[in-house]
There are 2 protein chains.
Amino acid sequence: MARSPTTLDPFNAIAEPKRREVLDALAKAFAAGNPEVAVNDLVNILQWPQPQVSKHLAVLREVGIVAVRHRGRERLYSINGEGLKTIHDWTAMFDKFWTHKLDRIKLRAEALARAAEGESAASSSIAPHPLLAIRHPSKES
Amino acid sequence: MARSPTTLDPFNAIAEPKRREVLDALAKAFAAGNPEVAVNDLVNILQWPQPQVSKHLAVLREVGIVAVRHRGRERLYSINGEGLKTIHDWTAMFDKFWTHKLDRIKLRAEALARAAEGESAASSSIAPHPLLAIRHPSKES
DNA sequence: TTGACATATGCCGATATAGGTATATATTAC
DNA sequence: GTAATATATACCTATATCGGCATATGTCAA
């Protein structure tokens, strides 16, 4: 009845553009030789209100994309990779859809289109959707 | 003052678990030899109300993750890769954080921790955060 | 033309959450 | 002790959307 409470998964965590900015900032710091960045430094870098930074960091922390370490009254944040790997791995399952094979997809789609054009709408000759042995009783007719 | 209207970017599109299910179903169909699947078939596969399927497909379509083709009164959906590649590429920027280098991060973090422990909180010896030449006038003091 | 089928869309209510501001909670400094 | 600094959190409001339902739109069949 409303949007699913998915704040706690990595996909949703990086769905927020600001959160990606935070991660970019952390990655940049890492590249510059600082694997860890204090909240206040992020505030200065991003130029956002401190509570906003803390809140976004909290979300990233809860899903395990960043790690925190306490040093005195400071909190040093660093990227944790694992959570992002989840996403990377999931998208990797679709890599066949953007590599050279993509042309084959298009070609096949066009072939299907042309075929369909030719024969009004009979979906017989070109492998319609045989995977639908999964059909269900409801509309089985 | 509320969540950003980011429905139109791929990151947000796949943040919704149901949408990932739709993509998984399309990928499965593709693997089974069907590069395109009609809405009604997805309804049967996923066992969701038809409007829900159509709406999720609409979102995926708007961000370009899926493509549609008309065949008679049917809409044949297929995966479009490009949008997912965007995400894959972005996460790839962080691959150094989950590969073997991760150990080095941890080692360094621990080294910093130990050092900090030893010297109350003086952040001098171990490269505090020199990237902050970015500091701003506001809290510059 | 009329009706059945396939899909999209509009409207609704419920809810998750982003941003803002003030404040609580540490921790260090004096 | 008290003040100052660093960060988190609670509260509020606005809004984006999800799901459910009804219905509009388009296409095929008779």
# chains A, B, ... in the order shown; residues from 1 in each chain; ligands from 1
$ interface_residues --of "chain A" --to "chain B" --cutoff "6 Å" --atoms "only C-alpha atoms" --output "number ranges by chain"
A: 11-12, 15, 44, 72, 81-82, 88, 91, 97-98, 121, 135
$ write_last_selection --atoms "C-alpha atoms" --output "PDB file, in the first residue's frame"
ATOM      1  CA  PHE A  11      20.306  -0.603  -4.147  1.00  0.00           C
ATOM      2  CA  ASN A  12      18.121   1.911  -2.430  1.00  0.00           C
ATOM      3  CA  ALA A  15      19.467   5.406  -5.521  1.00  0.00           C
ATOM      4  CA  ASN A  44      33.447  21.174   3.950  1.00  0.00           C
ATOM      5  CA  GLY A  72      38.272  11.026  19.706  1.00  0.00           C
ATOM      6  CA  GLY A  81      33.035  -2.017  -1.069  1.00  0.00           C
ATOM      7  CA  GLU A  82      31.141  -5.152  -0.138  1.00  0.00           C
ATOM      8  CA  HIS A  88      28.037  -4.694  -9.331  1.00  0.00           C
ATOM      9  CA  THR A  91      24.215  -5.745 -12.934  1.00  0.00           C
ATOM     10  CA  PHE A  97      22.726  -6.954 -22.947  1.00  0.00           C
ATOM     11  CA  TRP A  98      25.232  -4.209 -23.542  1.00  0.00           C
ATOM     12  CA  ALA A 121      -0.364 -10.909 -35.736  1.00  0.00           C
ATOM     13  CA  ARG A 135       0.696 -20.466 -17.263  1.00  0.00           C
TER      14      ARG A 135
END
$ interface_residues --of "chain C" --to "chain B" --cutoff "10 Å" --atoms "only C-alpha atoms (C1' of nucleotides)" --output "list in words"
DC5, DA6, DT7, DA8, DT9, DA16, DT17, DA18, DG19, DG20 and DT28 of chain C
$ write_last_selection --atoms "N, CA and C atoms (P, O5', C5', C4', C3', O3' and C1' of nucleotides)" --output "JSON list (two decimals), in the first residue's frame"
[["chain", "number", "residue", "atom", "x", "y", "z"],
["C", 5, "DC", "P", -12.23, -12.87, -23.91],
["C", 5, "DC", "O5'", -10.83, -12.18, -24.23],
["C", 5, "DC", "C5'", -10.23, -12.40, -25.50],
["C", 5, "DC", "C4'", -9.15, -11.36, -25.72],
["C", 5, "DC", "C3'", -8.15, -11.24, -24.57],
["C", 5, "DC", "O3'", -6.86, -11.51, -25.10],
["C", 5, "DC", "C1'", -8.85, -9.12, -25.33],
["C", 6, "DA", "P", -5.64, -11.56, -24.10],
["C", 6, "DA", "O5'", -5.05, -10.09, -24.31],
["C", 6, "DA", "C5'", -4.41, -9.76, -25.53],
["C", 6, "DA", "C4'", -3.63, -8.47, -25.36],
["C", 6, "DA", "C3'", -2.77, -8.42, -24.09],
["C", 6, "DA", "O3'", -1.49, -7.92, -24.42],
["C", 6, "DA", "C1'", -4.27, -6.58, -24.13],
["C", 7, "DT", "P", -0.38, -7.83, -23.32],
["C", 7, "DT", "O5'", -0.58, -6.31, -22.87],
["C", 7, "DT", "C5'", -0.38, -5.29, -23.85],
["C", 7, "DT", "C4'", -0.79, -3.94, -23.31],
["C", 7, "DT", "C3'", -0.04, -3.46, -22.07],
["C", 7, "DT", "O3'", 0.86, -2.47, -22.50],
["C", 7, "DT", "C1'", -2.35, -2.89, -22.03],
["C", 8, "DA", "P", 1.71, -1.60, -21.45],
["C", 8, "DA", "O5'", 0.79, -0.31, -21.23],
["C", 8, "DA", "C5'", 0.37, 0.44, -22.37],
["C", 8, "DA", "C4'", -0.52, 1.60, -21.93],
["C", 8, "DA", "C3'", 0.08, 2.54, -20.90],
["C", 8, "DA", "O3'", -0.22, 3.86, -21.29],
["C", 8, "DA", "C1'", -1.98, 1.71, -20.12],
["C", 9, "DT", "P", 0.55, 5.08, -20.62],
["C", 9, "DT", "O5'", -0.63, 5.78, -19.80],
["C", 9, "DT", "C5'", -1.96, 5.61, -20.24],
["C", 9, "DT", "C4'", -2.95, 6.12, -19.21],
["C", 9, "DT", "C3'", -2.38, 7.02, -18.12],
["C", 9, "DT", "O3'", -3.30, 8.06, -17.91],
["C", 9, "DT", "C1'", -3.54, 5.27, -17.13],
["C", 16, "DA", "P", 6.45, 2.87, 6.10],
["C", 16, "DA", "O5'", 7.82, 2.99, 5.30],
["C", 16, "DA", "C5'", 7.80, 2.80, 3.91],
["C", 16, "DA", "C4'", 8.69, 3.81, 3.23],
["C", 16, "DA", "C3'", 9.91, 4.22, 4.06],
["C", 16, "DA", "O3'", 11.03, 4.21, 3.20],
["C", 16, "DA", "C1'", 8.71, 6.14, 3.42],
["C", 17, "DT", "P", 12.47, 4.39, 3.77],
["C", 17, "DT", "O5'", 12.71, 5.94, 3.50],
["C", 17, "DT", "C5'", 12.57, 6.40, 2.17],
["C", 17, "DT", "C4'", 12.69, 7.91, 2.13],
["C", 17, "DT", "C3'", 13.80, 8.47, 3.03],
["C", 17, "DT", "O3'", 14.43, 9.51, 2.33],
["C", 17, "DT", "C1'", 11.85, 9.58, 3.44],
["C", 18, "DA", "P", 15.99, 9.42, 1.98],
["C", 18, "DA", "O5'", 16.30, 10.88, 1.44],
["C", 18, "DA", "C5'", 15.63, 11.33, 0.27],
["C", 18, "DA", "C4'", 15.42, 12.82, 0.35],
["C", 18, "DA", "C3'", 16.58, 13.57, 1.02],
["C", 18, "DA", "O3'", 16.88, 14.73, 0.27],
["C", 18, "DA", "C1'", 14.56, 14.01, 2.19],
["C", 19, "DG", "P", 18.19, 15.53, 0.57],
["C", 19, "DG", "O5'", 17.63, 16.80, 1.36],
["C", 19, "DG", "C5'", 16.67, 17.62, 0.73],
["C", 19, "DG", "C4'", 16.13, 18.62, 1.73],
["C", 19, "DG", "C3'", 17.21, 19.33, 2.55],
["C", 19, "DG", "O3'", 16.99, 20.73, 2.47],
["C", 19, "DG", "C1'", 15.55, 18.41, 3.98],
["C", 20, "DG", "P", 17.97, 21.72, 3.18],
["C", 20, "DG", "O5'", 17.17, 22.14, 4.50],
["C", 20, "DG", "C5'", 15.84, 22.64, 4.37],
["C", 20, "DG", "C4'", 15.34, 23.13, 5.71],
["C", 20, "DG", "C3'", 16.42, 23.78, 6.57],
["C", 20, "DG", "O3'", 15.94, 25.01, 7.10],
["C", 20, "DG", "C1'", 15.40, 21.96, 7.75],
["C", 28, "DT", "P", 38.76, 12.59, 23.36],
["C", 28, "DT", "O5'", 39.35, 14.07, 23.41],
["C", 28, "DT", "C5'", 39.35, 14.84, 22.21],
["C", 28, "DT", "C4'", 39.30, 16.31, 22.56],
["C", 28, "DT", "C3'", 40.48, 16.82, 23.41],
["C", 28, "DT", "O3'", 41.17, 17.81, 22.67],
["C", 28, "DT", "C1'", 38.42, 17.64, 24.20]]
$ interface_residues --of "chain D" --to "chain B" --cutoff "6 Å" --atoms "only C-alpha atoms (C1' of nucleotides)" --output "number ranges by chain"
D: 14-15, 27
$ residues_around --residues "C:DA4" --least-positions-apart "5" --cutoff "12 Å" --atoms "only C-alpha atoms (C1' of nucleotides)" --output "VMD selection string"
chain D and resid 27 to 30
$ write_last_selection --atoms "C-alpha atoms (C1' of nucleotides)" --output "compact mmCIF listing (two decimals), in the first residue's frame"
# COMPACT_ATOMS: atom_id res chain seq x y z
C1' DT D 27 -6.64 -3.95 -31.45
C1' DC D 28 -8.60 -8.14 -33.02
C1' DA D 29 -12.79 -11.19 -33.87
C1' DA D 30 -17.49 -12.04 -35.45
$ select_by_dssp --residues "stretch 1-78 of chain B" --states "helix (DSSP H, G or I)" --output "short mmCIF file (atom, residue, chain, number, x, y, z; two decimals) with N, CA and C atoms, in the first residue's frame"
data_model
loop_
_atom_site.label_atom_id
_atom_site.label_comp_id
_atom_site.auth_asym_id
_atom_site.auth_seq_id
_atom_site.Cartn_x
_atom_site.Cartn_y
_atom_site.Cartn_z
N PRO B 10 18.28 5.48 -13.80
CA PRO B 10 18.40 4.03 -13.69
C PRO B 10 18.62 3.56 -12.26
N PHE B 11 19.36 4.32 -11.48
CA PHE B 11 19.65 3.91 -10.12
C PHE B 11 18.36 3.75 -9.32
N ASN B 12 17.51 4.73 -9.46
CA ASN B 12 16.25 4.67 -8.74
C ASN B 12 15.35 3.58 -9.31
N ALA B 13 15.43 3.40 -10.60
CA ALA B 13 14.58 2.40 -11.25
C ALA B 13 14.83 1.01 -10.66
N PRO B 17 12.70 -3.38 -5.53
CA PRO B 17 12.89 -4.84 -5.65
C PRO B 17 12.02 -5.48 -6.73
N LYS B 18 10.79 -5.02 -6.81
CA LYS B 18 9.88 -5.59 -7.80
C LYS B 18 10.41 -5.35 -9.21
N ARG B 19 11.01 -4.19 -9.37
CA ARG B 19 11.53 -3.87 -10.71
C ARG B 19 12.68 -4.80 -11.04
N ARG B 20 13.45 -5.14 -10.04
CA ARG B 20 14.55 -6.09 -10.30
C ARG B 20 13.97 -7.46 -10.63
N GLU B 21 12.85 -7.78 -10.01
CA GLU B 21 12.21 -9.06 -10.34
C GLU B 21 11.77 -9.08 -11.80
N VAL B 22 11.25 -7.96 -12.23
CA VAL B 22 10.81 -7.87 -13.63
C VAL B 22 12.00 -8.10 -14.55
N LEU B 23 13.09 -7.45 -14.22
CA LEU B 23 14.29 -7.61 -15.06
C LEU B 23 14.80 -9.04 -15.02
N ASP B 24 14.75 -9.62 -13.84
CA ASP B 24 15.20 -11.02 -13.73
C ASP B 24 14.33 -11.92 -14.61
N ALA B 25 13.03 -11.65 -14.59
CA ALA B 25 12.12 -12.45 -15.41
C ALA B 25 12.43 -12.29 -16.88
N LEU B 26 12.70 -11.06 -17.28
CA LEU B 26 13.02 -10.80 -18.69
C LEU B 26 14.33 -11.50 -19.07
N ALA B 27 15.28 -11.45 -18.15
CA ALA B 27 16.57 -12.09 -18.43
C ALA B 27 16.41 -13.60 -18.54
N LYS B 28 15.57 -14.13 -17.68
CA LYS B 28 15.34 -15.57 -17.70
C LYS B 28 14.68 -15.98 -19.02
N ALA B 29 13.72 -15.18 -19.42
CA ALA B 29 13.05 -15.46 -20.69
C ALA B 29 14.04 -15.41 -21.84
N PHE B 30 14.89 -14.41 -21.78
CA PHE B 30 15.92 -14.27 -22.82
C PHE B 30 16.79 -15.52 -22.86
N ALA B 31 17.20 -15.96 -21.69
CA ALA B 31 18.05 -17.15 -21.61
C ALA B 31 17.33 -18.37 -22.16
N VAL B 39 3.39 -8.33 -21.96
CA VAL B 39 2.97 -7.95 -20.61
C VAL B 39 2.18 -9.05 -19.92
N ASN B 40 1.24 -9.59 -20.66
CA ASN B 40 0.38 -10.62 -20.07
C ASN B 40 1.20 -11.84 -19.63
N ASP B 41 2.23 -12.12 -20.37
CA ASP B 41 3.08 -13.24 -19.99
C ASP B 41 3.81 -12.92 -18.69
N LEU B 42 4.25 -11.70 -18.56
CA LEU B 42 4.91 -11.30 -17.32
C LEU B 42 3.93 -11.37 -16.16
N VAL B 43 2.68 -11.00 -16.44
CA VAL B 43 1.66 -11.09 -15.40
C VAL B 43 1.53 -12.53 -14.92
N ASN B 44 1.54 -13.45 -15.87
CA ASN B 44 1.43 -14.87 -15.50
C ASN B 44 2.66 -15.36 -14.77
N ILE B 45 3.80 -14.91 -15.22
CA ILE B 45 5.05 -15.35 -14.59
C ILE B 45 5.17 -14.81 -13.17
N LEU B 46 4.93 -13.51 -13.03
CA LEU B 46 5.13 -12.88 -11.74
C LEU B 46 3.93 -13.02 -10.80
N GLN B 50 -2.12 -6.97 -13.19
CA GLN B 50 -1.63 -6.43 -14.46
C GLN B 50 -1.22 -4.95 -14.39
N PRO B 51 -2.02 -4.10 -13.72
CA PRO B 51 -1.60 -2.69 -13.68
C PRO B 51 -0.24 -2.51 -13.00
N GLN B 52 0.02 -3.32 -12.02
CA GLN B 52 1.29 -3.20 -11.31
C GLN B 52 2.45 -3.54 -12.25
N VAL B 53 2.25 -4.58 -13.01
CA VAL B 53 3.28 -4.97 -13.97
C VAL B 53 3.50 -3.85 -14.98
N SER B 54 2.40 -3.35 -15.50
CA SER B 54 2.50 -2.28 -16.51
C SER B 54 3.20 -1.05 -15.96
N LYS B 55 2.89 -0.71 -14.73
CA LYS B 55 3.50 0.48 -14.14
C LYS B 55 4.99 0.32 -13.94
N HIS B 56 5.40 -0.83 -13.43
CA HIS B 56 6.83 -1.04 -13.23
C HIS B 56 7.54 -1.06 -14.59
N LEU B 57 6.89 -1.65 -15.56
CA LEU B 57 7.48 -1.66 -16.89
C LEU B 57 7.62 -0.24 -17.42
N ALA B 58 6.63 0.58 -17.10
CA ALA B 58 6.66 1.96 -17.57
C ALA B 58 7.88 2.70 -17.02
N VAL B 59 8.16 2.47 -15.73
CA VAL B 59 9.32 3.12 -15.12
C VAL B 59 10.60 2.65 -15.80
N LEU B 60 10.71 1.35 -15.95
CA LEU B 60 11.91 0.79 -16.59
C LEU B 60 12.05 1.31 -18.02
N ARG B 61 10.92 1.50 -18.64
CA ARG B 61 10.93 1.99 -20.02
C ARG B 61 11.39 3.44 -20.06
N GLU B 62 10.87 4.25 -19.14
CA GLU B 62 11.21 5.68 -19.13
C GLU B 62 12.70 5.94 -18.92
#
$ decode --residues "stretch 34-69 of chain B" --atoms "N, CA and C atoms" --output "PDB file, in the first residue's frame"
ATOM      1  N   ASN B  34      13.643 -16.457 -25.474  1.00  0.00           N
ATOM      2  CA  ASN B  34      12.675 -15.399 -25.789  1.00  0.00           C
ATOM      3  C   ASN B  34      13.211 -14.028 -25.439  1.00  0.00           C
ATOM      4  N   PRO B  35      13.720 -13.327 -26.406  1.00  0.00           N
ATOM      5  CA  PRO B  35      14.269 -12.004 -26.133  1.00  0.00           C
ATOM      6  C   PRO B  35      13.189 -10.997 -25.793  1.00  0.00           C
ATOM      7  N   GLU B  36      11.956 -11.317 -26.107  1.00  0.00           N
ATOM      8  CA  GLU B  36      10.864 -10.396 -25.830  1.00  0.00           C
ATOM      9  C   GLU B  36       9.734 -11.115 -25.111  1.00  0.00           C
ATOM     10  N   VAL B  37       9.114 -10.386 -24.198  1.00  0.00           N
ATOM     11  CA  VAL B  37       8.018 -10.985 -23.438  1.00  0.00           C
ATOM     12  C   VAL B  37       6.839 -10.019 -23.414  1.00  0.00           C
ATOM     13  N   ALA B  38       5.664 -10.525 -23.644  1.00  0.00           N
ATOM     14  CA  ALA B  38       4.461  -9.701 -23.615  1.00  0.00           C
ATOM     15  C   ALA B  38       4.052  -9.437 -22.168  1.00  0.00           C
ATOM     16  N   VAL B  39       3.387  -8.331 -21.959  1.00  0.00           N
ATOM     17  CA  VAL B  39       2.969  -7.947 -20.613  1.00  0.00           C
ATOM     18  C   VAL B  39       2.176  -9.049 -19.924  1.00  0.00           C
ATOM     19  N   ASN B  40       1.235  -9.589 -20.659  1.00  0.00           N
ATOM     20  CA  ASN B  40       0.379 -10.621 -20.067  1.00  0.00           C
ATOM     21  C   ASN B  40       1.195 -11.836 -19.632  1.00  0.00           C
ATOM     22  N   ASP B  41       2.230 -12.117 -20.372  1.00  0.00           N
ATOM     23  CA  ASP B  41       3.083 -13.241 -19.990  1.00  0.00           C
ATOM     24  C   ASP B  41       3.809 -12.924 -18.690  1.00  0.00           C
ATOM     25  N   LEU B  42       4.255 -11.698 -18.560  1.00  0.00           N
ATOM     26  CA  LEU B  42       4.907 -11.297 -17.319  1.00  0.00           C
ATOM     27  C   LEU B  42       3.929 -11.372 -16.156  1.00  0.00           C
ATOM     28  N   VAL B  43       2.684 -11.004 -16.436  1.00  0.00           N
ATOM     29  CA  VAL B  43       1.658 -11.095 -15.396  1.00  0.00           C
ATOM     30  C   VAL B  43       1.530 -12.532 -14.922  1.00  0.00           C
ATOM     31  N   ASN B  44       1.542 -13.453 -15.869  1.00  0.00           N
ATOM     32  CA  ASN B  44       1.430 -14.865 -15.500  1.00  0.00           C
ATOM     33  C   ASN B  44       2.665 -15.361 -14.771  1.00  0.00           C
ATOM     34  N   ILE B  45       3.802 -14.910 -15.220  1.00  0.00           N
ATOM     35  CA  ILE B  45       5.052 -15.347 -14.588  1.00  0.00           C
ATOM     36  C   ILE B  45       5.171 -14.807 -13.170  1.00  0.00           C
ATOM     37  N   LEU B  46       4.929 -13.513 -13.031  1.00  0.00           N
ATOM     38  CA  LEU B  46       5.129 -12.875 -11.738  1.00  0.00           C
ATOM     39  C   LEU B  46       3.933 -13.015 -10.802  1.00  0.00           C
ATOM     40  N   GLN B  47       2.784 -13.274 -11.391  1.00  0.00           N
ATOM     41  CA  GLN B  47       1.574 -13.403 -10.576  1.00  0.00           C
ATOM     42  C   GLN B  47       1.236 -12.114  -9.837  1.00  0.00           C
ATOM     43  N   TRP B  48       1.394 -11.010 -10.537  1.00  0.00           N
ATOM     44  CA  TRP B  48       1.023  -9.718  -9.960  1.00  0.00           C
ATOM     45  C   TRP B  48      -0.163  -9.175 -10.731  1.00  0.00           C
ATOM     46  N   PRO B  49      -0.881  -8.234 -10.151  1.00  0.00           N
ATOM     47  CA  PRO B  49      -1.969  -7.577 -10.885  1.00  0.00           C
ATOM     48  C   PRO B  49      -1.405  -6.908 -12.139  1.00  0.00           C
ATOM     49  N   GLN B  50      -2.122  -6.972 -13.191  1.00  0.00           N
ATOM     50  CA  GLN B  50      -1.628  -6.431 -14.458  1.00  0.00           C
ATOM     51  C   GLN B  50      -1.221  -4.950 -14.391  1.00  0.00           C
ATOM     52  N   PRO B  51      -2.018  -4.102 -13.723  1.00  0.00           N
ATOM     53  CA  PRO B  51      -1.601  -2.689 -13.676  1.00  0.00           C
ATOM     54  C   PRO B  51      -0.244  -2.511 -13.002  1.00  0.00           C
ATOM     55  N   GLN B  52       0.015  -3.317 -12.015  1.00  0.00           N
ATOM     56  CA  GLN B  52       1.289  -3.201 -11.315  1.00  0.00           C
ATOM     57  C   GLN B  52       2.446  -3.541 -12.248  1.00  0.00           C
ATOM     58  N   VAL B  53       2.249  -4.581 -13.014  1.00  0.00           N
ATOM     59  CA  VAL B  53       3.281  -4.971 -13.969  1.00  0.00           C
ATOM     60  C   VAL B  53       3.497  -3.852 -14.983  1.00  0.00           C
ATOM     61  N   SER B  54       2.403  -3.346 -15.501  1.00  0.00           N
ATOM     62  CA  SER B  54       2.498  -2.283 -16.507  1.00  0.00           C
ATOM     63  C   SER B  54       3.201  -1.050 -15.957  1.00  0.00           C
ATOM     64  N   LYS B  55       2.894  -0.712 -14.728  1.00  0.00           N
ATOM     65  CA  LYS B  55       3.499   0.482 -14.139  1.00  0.00           C
ATOM     66  C   LYS B  55       4.992   0.316 -13.942  1.00  0.00           C
ATOM     67  N   HIS B  56       5.397  -0.827 -13.431  1.00  0.00           N
ATOM     68  CA  HIS B  56       6.827  -1.042 -13.234  1.00  0.00           C
ATOM     69  C   HIS B  56       7.538  -1.063 -14.585  1.00  0.00           C
ATOM     70  N   LEU B  57       6.892  -1.654 -15.564  1.00  0.00           N
ATOM     71  CA  LEU B  57       7.484  -1.664 -16.894  1.00  0.00           C
ATOM     72  C   LEU B  57       7.619  -0.238 -17.424  1.00  0.00           C
ATOM     73  N   ALA B  58       6.634   0.576 -17.097  1.00  0.00           N
ATOM     74  CA  ALA B  58       6.660   1.959 -17.566  1.00  0.00           C
ATOM     75  C   ALA B  58       7.879   2.695 -17.019  1.00  0.00           C
ATOM     76  N   VAL B  59       8.162   2.467 -15.731  1.00  0.00           N
ATOM     77  CA  VAL B  59       9.318   3.123 -15.124  1.00  0.00           C
ATOM     78  C   VAL B  59      10.605   2.651 -15.795  1.00  0.00           C
ATOM     79  N   LEU B  60      10.711   1.353 -15.954  1.00  0.00           N
ATOM     80  CA  LEU B  60      11.907   0.790 -16.586  1.00  0.00           C
ATOM     81  C   LEU B  60      12.047   1.312 -18.021  1.00  0.00           C
ATOM     82  N   ARG B  61      10.917   1.498 -18.642  1.00  0.00           N
ATOM     83  CA  ARG B  61      10.926   1.988 -20.018  1.00  0.00           C
ATOM     84  C   ARG B  61      11.385   3.443 -20.064  1.00  0.00           C
ATOM     85  N   GLU B  62      10.871   4.255 -19.140  1.00  0.00           N
ATOM     86  CA  GLU B  62      11.209   5.680 -19.127  1.00  0.00           C
ATOM     87  C   GLU B  62      12.697   5.938 -18.925  1.00  0.00           C
ATOM     88  N   VAL B  63      13.340   5.073 -18.175  1.00  0.00           N
ATOM     89  CA  VAL B  63      14.776   5.258 -17.958  1.00  0.00           C
ATOM     90  C   VAL B  63      15.592   4.481 -18.985  1.00  0.00           C
ATOM     91  N   GLY B  64      14.896   3.824 -19.874  1.00  0.00           N
ATOM     92  CA  GLY B  64      15.597   3.166 -20.973  1.00  0.00           C
ATOM     93  C   GLY B  64      16.210   1.817 -20.653  1.00  0.00           C
ATOM     94  N   ILE B  65      15.765   1.200 -19.574  1.00  0.00           N
ATOM     95  CA  ILE B  65      16.321  -0.107 -19.224  1.00  0.00           C
ATOM     96  C   ILE B  65      15.641  -1.221 -20.006  1.00  0.00           C
ATOM     97  N   VAL B  66      14.429  -0.953 -20.425  1.00  0.00           N
ATOM     98  CA  VAL B  66      13.749  -1.933 -21.275  1.00  0.00           C
ATOM     99  C   VAL B  66      13.236  -1.243 -22.537  1.00  0.00           C
ATOM    100  N   ALA B  67      13.022  -2.018 -23.558  1.00  0.00           N
ATOM    101  CA  ALA B  67      12.499  -1.492 -24.816  1.00  0.00           C
ATOM    102  C   ALA B  67      11.168  -2.167 -25.095  1.00  0.00           C
ATOM    103  N   VAL B  68      10.309  -1.478 -25.819  1.00  0.00           N
ATOM    104  CA  VAL B  68       8.997  -2.052 -26.145  1.00  0.00           C
ATOM    105  C   VAL B  68       8.828  -2.122 -27.639  1.00  0.00           C
ATOM    106  N   ARG B  69       8.081  -3.086 -28.049  1.00  0.00           N
ATOM    107  CA  ARG B  69       7.751  -3.208 -29.455  1.00  0.00           C
ATOM    108  C   ARG B  69       6.284  -3.591 -29.506  1.00  0.00           C
TER     109      ARG B  69
END
